[in-house]
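Note: the block below is target_28.pdb and it holds PDB, C-alpha atoms.
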ATOM      1  CA  MET A 511     153.551 136.845  82.387  1.00  0.00           C
ATOM      2  CA  VAL A 512     152.468 133.316  83.292  1.00  0.00           C
ATOM      3  CA  LEU A 513     149.788 131.735  81.181  1.00  0.00           C
ATOM      4  CA  PRO A 514     147.335 129.399  82.901  1.00  0.00           C
ATOM      5  CA  ARG A 515     147.719 125.792  82.029  1.00  0.00           C
ATOM      6  CA  PRO A 516     144.808 124.128  80.286  1.00  0.00           C
ATOM      7  CA  PRO A 517     142.922 121.642  82.460  1.00  0.00           C
ATOM      8  CA  ARG A 518     144.279 118.154  82.469  1.00  0.00           C
ATOM      9  CA  MET A 519     142.295 115.674  80.426  1.00  0.00           C
ATOM     10  CA  LYS A 520     140.517 113.090  82.539  1.00  0.00           C
ATOM     11  CA  THR A 521     141.454 109.533  81.996  1.00  0.00           C
ATOM     12  CA  PRO A 522     138.815 106.843  81.582  1.00  0.00           C
ATOM     13  CA  GLU A 523     139.690 105.625  85.082  1.00  0.00           C
ATOM     14  CA  ASP A 524     138.991 109.127  86.508  1.00  0.00           C
ATOM     15  CA  LEU A 525     135.663 109.284  84.711  1.00  0.00           C
ATOM     16  CA  ALA A 526     134.710 105.806  85.923  1.00  0.00           C
ATOM     17  CA  ARG A 527     135.644 106.709  89.525  1.00  0.00           C
ATOM     18  CA  GLU A 528     133.557 109.930  89.378  1.00  0.00           C
ATOM     19  CA  LEU A 529     130.594 108.032  87.960  1.00  0.00           C
ATOM     20  CA  GLU A 530     130.846 105.404  90.694  1.00  0.00           C
ATOM     21  CA  GLU A 531     130.983 108.117  93.387  1.00  0.00           C
ATOM     22  CA  ARG A 532     127.905 109.822  91.927  1.00  0.00           C
ATOM     23  CA  LEU A 533     126.036 106.515  91.818  1.00  0.00           C
ATOM     24  CA  GLN A 534     126.935 105.777  95.463  1.00  0.00           C
ATOM     25  CA  GLN A 535     125.752 109.238  96.511  1.00  0.00           C
ATOM     26  CA  GLU A 536     122.501 108.705  94.616  1.00  0.00           C
ATOM     27  CA  VAL A 537     121.938 105.357  96.364  1.00  0.00           C
ATOM     28  CA  ILE A 538     122.500 107.007  99.764  1.00  0.00           C
ATOM     29  CA  ARG A 539     120.101 109.858  98.885  1.00  0.00           C
ATOM     30  CA  ALA A 540     117.444 107.408  97.693  1.00  0.00           C
ATOM     31  CA  ARG A 541     117.746 105.326 100.895  1.00  0.00           C
ATOM     32  CA  ARG A 542     117.419 108.439 103.090  1.00  0.00           C
ATOM     33  CA  TRP A 543     114.412 109.594 101.075  1.00  0.00           C
ATOM     34  CA  ARG A 544     112.675 106.222 101.505  1.00  0.00           C
ATOM     35  CA  GLN A 545     113.351 106.238 105.257  1.00  0.00           C
ATOM     36  CA  ARG A 546     112.081 109.805 105.611  1.00  0.00           C
ATOM     37  CA  ARG A 547     108.976 109.078 103.525  1.00  0.00           C
ATOM     38  CA  GLU A 548     108.206 105.965 105.582  1.00  0.00           C
ATOM     39  CA  THR A 549     108.559 107.964 108.804  1.00  0.00           C
ATOM     40  CA  TYR A 550     106.186 110.636 107.516  1.00  0.00           C
ATOM     41  CA  ARG A 551     103.700 107.979 106.397  1.00  0.00           C
ATOM     42  CA  VAL A 552     103.643 106.288 109.805  1.00  0.00           C
ATOM     43  CA  VAL A 553     103.405 109.571 111.719  1.00  0.00           C
ATOM     44  CA  THR A 554     100.676 110.905 109.408  1.00  0.00           C
ATOM     45  CA  ILE A 555      98.526 107.788 109.733  1.00  0.00           C
ATOM     46  CA  LEU A 556      99.011 107.647 113.513  1.00  0.00           C
ATOM     47  CA  VAL A 557      97.972 111.303 113.818  1.00  0.00           C
ATOM     48  CA  GLY A 558      94.940 110.631 111.626  1.00  0.00           C
ATOM     49  CA  LEU A 559      93.985 107.590 113.658  1.00  0.00           C
ATOM     50  CA  LEU A 560      94.677 108.763 117.208  1.00  0.00           C
ATOM     51  CA  LEU A 561      93.710 112.440 117.260  1.00  0.00           C
ATOM     52  CA  PRO A 562      90.091 112.025 116.050  1.00  0.00           C
ATOM     53  CA  SER A 563      89.612 108.891 118.163  1.00  0.00           C
ATOM     54  CA  LEU A 564      90.918 110.514 121.320  1.00  0.00           C
ATOM     55  CA  SER A 565      88.871 113.639 120.571  1.00  0.00           C
ATOM     56  CA  LEU A 566      85.708 111.580 120.224  1.00  0.00           C
ATOM     57  CA  ILE A 567      86.454 109.633 123.401  1.00  0.00           C
ATOM     58  CA  LEU A 568      87.009 112.859 125.320  1.00  0.00           C
ATOM     59  CA  ALA A 569      83.836 114.458 123.953  1.00  0.00           C
ATOM     60  CA  GLY A 570      81.838 111.302 124.653  1.00  0.00           C
ATOM     61  CA  MET A 571      83.156 111.114 128.197  1.00  0.00           C
ATOM     62  CA  ILE A 572      82.293 114.764 128.842  1.00  0.00           C
ATOM     63  CA  SER A 573      78.743 114.427 127.541  1.00  0.00           C
ATOM     64  CA  ASN A 574      77.939 111.002 129.037  1.00  0.00           C
ATOM     65  CA  ASN A 575      79.521 111.001 132.503  1.00  0.00           C
ATOM     66  CA  GLY A 576      82.563 108.909 131.660  1.00  0.00           C
ATOM     67  CA  PHE A 577      83.832 106.456 129.090  1.00  0.00           C
ATOM     68  CA  MET A 578      81.643 103.504 130.042  1.00  0.00           C
ATOM     69  CA  GLY A 579      78.533 105.705 130.083  1.00  0.00           C
ATOM     70  CA  TRP A 580      79.327 106.840 126.563  1.00  0.00           C
ATOM     71  CA  ILE A 581      80.091 103.317 125.297  1.00  0.00           C
ATOM     72  CA  GLY A 582      76.937 102.063 127.022  1.00  0.00           C
ATOM     73  CA  ARG A 583      74.829 104.615 125.161  1.00  0.00           C
ATOM     74  CA  ALA A 584      76.587 104.781 121.801  1.00  0.00           C
ATOM     75  CA  GLY A 585      78.303 101.415 121.521  1.00  0.00           C
ATOM     76  CA  TRP A 586      81.681 100.900 119.896  1.00  0.00           C
ATOM     77  CA  TRP A 587      80.717 101.833 116.325  1.00  0.00           C
ATOM     78  CA  PRO A 588      81.340 105.601 116.505  1.00  0.00           C
ATOM     79  CA  LEU A 589      84.792 104.992 117.972  1.00  0.00           C
ATOM     80  CA  LEU A 590      85.677 102.209 115.529  1.00  0.00           C
ATOM     81  CA  THR A 591      84.393 104.257 112.589  1.00  0.00           C
ATOM     82  CA  THR A 592      86.394 107.254 113.733  1.00  0.00           C
ATOM     83  CA  ALA A 593      89.591 105.255 114.231  1.00  0.00           C
ATOM     84  CA  GLY A 594      89.227 103.395 110.933  1.00  0.00           C
ATOM     85  CA  GLY A 595      88.078 106.481 109.055  1.00  0.00           C
ATOM     86  CA  GLY A 596      90.816 108.656 110.539  1.00  0.00           C
ATOM     87  CA  GLY A 597      93.520 106.187 109.604  1.00  0.00           C
ATOM     88  CA  ALA A 598      92.039 105.696 106.129  1.00  0.00           C
ATOM     89  CA  ALA A 599      91.583 109.441 105.563  1.00  0.00           C
ATOM     90  CA  ALA A 600      95.179 110.115 106.625  1.00  0.00           C
ATOM     91  CA  ALA A 601      96.505 107.273 104.467  1.00  0.00           C
ATOM     92  CA  LEU A 602      94.505 108.474 101.465  1.00  0.00           C
ATOM     93  CA  ALA A 603      95.582 112.082 101.987  1.00  0.00           C
ATOM     94  CA  PHE A 604      99.204 110.948 102.292  1.00  0.00           C
ATOM     95  CA  ALA A 605      99.127 108.638  99.269  1.00  0.00           C
ATOM     96  CA  ALA A 606      97.432 111.260  97.108  1.00  0.00           C
ATOM     97  CA  GLY A 607      99.705 114.037  98.415  1.00  0.00           C
ATOM     98  CA  TRP A 608      96.657 116.232  99.025  1.00  0.00           C
ATOM     99  CA  GLY A 609      98.192 118.863 101.266  1.00  0.00           C
ATOM    100  CA  VAL A 610      96.488 120.925 103.940  1.00  0.00           C
ATOM    101  CA  ALA A 611      93.235 122.026 102.255  1.00  0.00           C
ATOM    102  CA  ARG A 612      92.126 118.630 100.967  1.00  0.00           C
ATOM    103  CA  SER A 613      93.208 116.912 104.181  1.00  0.00           C
ATOM    104  CA  ILE A 614      90.991 119.265 106.181  1.00  0.00           C
ATOM    105  CA  MET A 615      88.132 118.492 103.769  1.00  0.00           C
ATOM    106  CA  ALA A 616      88.699 114.746 104.231  1.00  0.00           C
ATOM    107  CA  PHE A 617      88.610 115.104 108.014  1.00  0.00           C
ATOM    108  CA  GLY A 618      85.569 117.383 107.728  1.00  0.00           C
ATOM    109  CA  GLY A 619      83.803 114.565 105.871  1.00  0.00           C
ATOM    110  CA  LEU A 620      84.891 112.115 108.565  1.00  0.00           C
ATOM    111  CA  PHE A 621      83.554 114.479 111.214  1.00  0.00           C
ATOM    112  CA  MET A 622      80.177 114.650 109.435  1.00  0.00           C
ATOM    113  CA  LEU A 623      80.065 110.840 109.392  1.00  0.00           C
ATOM    114  CA  VAL A 624      80.771 110.723 113.131  1.00  0.00           C
ATOM    115  CA  VAL A 625      78.045 113.310 113.792  1.00  0.00           C
ATOM    116  CA  LEU A 626      75.591 111.292 111.677  1.00  0.00           C
ATOM    117  CA  LEU A 627      76.458 108.064 113.512  1.00  0.00           C
ATOM    118  CA  ASN A 628      76.030 109.734 116.895  1.00  0.00           C
ATOM    119  CA  GLN A 629      72.741 111.288 115.805  1.00  0.00           C
ATOM    120  CA  VAL A 630      71.418 107.904 114.670  1.00  0.00           C
ATOM    121  CA  ARG A 631      72.738 105.935 117.658  1.00  0.00           C
ATOM    122  CA  LEU A 632      72.125 108.445 120.453  1.00  0.00           C
ATOM    123  CA  GLY A 633      69.339 110.619 119.071  1.00  0.00           C
ATOM    124  CA  THR A 634      71.238 113.709 120.258  1.00  0.00           C
ATOM    125  CA  LEU A 635      74.352 115.544 119.268  1.00  0.00           C
ATOM    126  CA  ILE A 636      77.434 115.408 121.462  1.00  0.00           C
ATOM    127  CA  VAL A 637      77.461 118.182 124.046  1.00  0.00           C
ATOM    128  CA  ALA A 638      81.188 118.856 123.496  1.00  0.00           C
ATOM    129  CA  MET A 639      80.734 119.369 119.726  1.00  0.00           C
ATOM    130  CA  PRO A 640      82.698 122.682 119.359  1.00  0.00           C
ATOM    131  CA  GLY A 641      85.822 121.150 120.897  1.00  0.00           C
ATOM    132  CA  LEU A 642      85.420 118.040 118.752  1.00  0.00           C
ATOM    133  CA  VAL A 643      85.090 120.163 115.606  1.00  0.00           C
ATOM    134  CA  ALA A 644      88.263 122.056 116.528  1.00  0.00           C
ATOM    135  CA  LEU A 645      90.201 118.844 117.118  1.00  0.00           C
ATOM    136  CA  PHE A 646      89.045 117.276 113.842  1.00  0.00           C
ATOM    137  CA  VAL A 647      90.037 120.409 111.928  1.00  0.00           C
ATOM    138  CA  THR A 648      93.355 120.457 113.788  1.00  0.00           C
ATOM    139  CA  THR A 649      93.893 116.833 112.775  1.00  0.00           C
ATOM    140  CA  GLY A 650      93.218 117.642 109.128  1.00  0.00           C
ATOM    141  CA  GLY A 651      95.573 120.599 109.283  1.00  0.00           C
ATOM    142  CA  LEU A 652      98.285 118.561 110.985  1.00  0.00           C
ATOM    143  CA  VAL A 653      97.971 115.721 108.476  1.00  0.00           C
ATOM    144  CA  GLY A 654      98.138 118.238 105.639  1.00  0.00           C
ATOM    145  CA  TYR A 655     101.156 119.928 107.198  1.00  0.00           C
ATOM    146  CA  LEU A 656     102.970 116.601 107.521  1.00  0.00           C
ATOM    147  CA  ILE A 657     102.198 115.785 103.884  1.00  0.00           C
ATOM    148  CA  THR A 658     103.386 119.215 102.733  1.00  0.00           C
ATOM    149  CA  MET A 659     106.542 118.873 104.818  1.00  0.00           C
ATOM    150  CA  GLU A 660     107.155 115.396 103.423  1.00  0.00           C
ATOM    151  CA  GLU A 661     106.839 116.665  99.850  1.00  0.00           C
ATOM    152  CA  GLY A 662     109.400 119.358 100.619  1.00  0.00           C
ATOM    153  CA  ASP A 663     107.159 122.360  99.837  1.00  0.00           C
TER     154      ASP A 663
END
Represent the structure from my file as structure tokens, please.
Amino acid sequence: MVLPRPPRMKTPEDLARELEERLQQEVIRARRWRQRRETYRVVTILVGLLLPSLSLILAGMISNNGFMGWIGRAGWWPLLTTAGGGGAAAALAFAAGWGVARSIMAFGGLFMLVVLLNQVRLGTLIVAMPGLVALFVTTGGLVGYLITMEEGD
């Protein structure tokens, strides 16, 4: 009968080498995490900025016979507010790690602001409002999904 040999004691050099390998792996993991987080941040803010803005442009063009007709009636403020608000809402949702539900609430608030601005500037609501609502909610959901994915949930 052969008895198993006890494990060999590690020398200080072995321990130092293992520690250095672990530290190198940790540095690589941290770098990848930073790159991935930066990518998610940029994509999230771009989605928050572009989707509501493009939705508003499309709805304005449908209800006012083209882009210039809409800008002529409403001016640039609804579009600038939507672009700035969408980017800010996405950045805030990302920084706070809000997730899907709170992101949709943030974009719902942005949508209400856009409706209020259009009501004040134009005196009427946008004809294409149901599609605009759907796209704002989709934006909030997409931003929330990106945040949730970024957090690894």
Mind telling me what the PyMOL selection byres ((chain A and resi 615-628) around 10) catches here, as an MDAnalysis selection string?
-> chainID A and resid 558 562 566 570 583:585 587:589 591:592 595:596 598:600 602:603 608 610:614 629:636 639 642:643 645:651 653
So how many Å separate atom CA of Arg539 of chain A and atom CA of Leu652 of chain A, to one decimal?
-> 26.4 Å
One-decimal distance in Å that lies between atom CA of Ala601 of chain A and atom CA of Ile581 of chain A | 26.8 Å
Atom CA of Arg547 of chain A to atom CA of Gly594 of chain A, distance in Å rounded to a single decimal =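 Interatomic distance here is 21.8 Å.
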Let me have the centre and edge lengths in Å, one decimal, of the box along x, y and z around every listed atom of segment 637-655 of chain A with 8 Å of margin on each side, as AutoDock Vina command-line options.
--center_x 89.3 --center_y 119.2 --center_z 114.8 --size_x 39.7 --size_y 23.0 --size_z 34.4
Residues near Arg546 of chain A, cut-off 12 Å, all atoms listed in the file, skip fewer than 3 positions along chain, as a list of chain:residue names |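 Once the nearby chain positions are removed, what remains is A:Arg539, A:Ala540, A:Arg541, A:Arg542, A:Trp543, A:Thr549, A:Tyr550, A:Arg551, A:Val552, A:Val553, A:Leu656, A:Ile657, A:Met659, A:Glu660, A:Glu661, A:Gly662.
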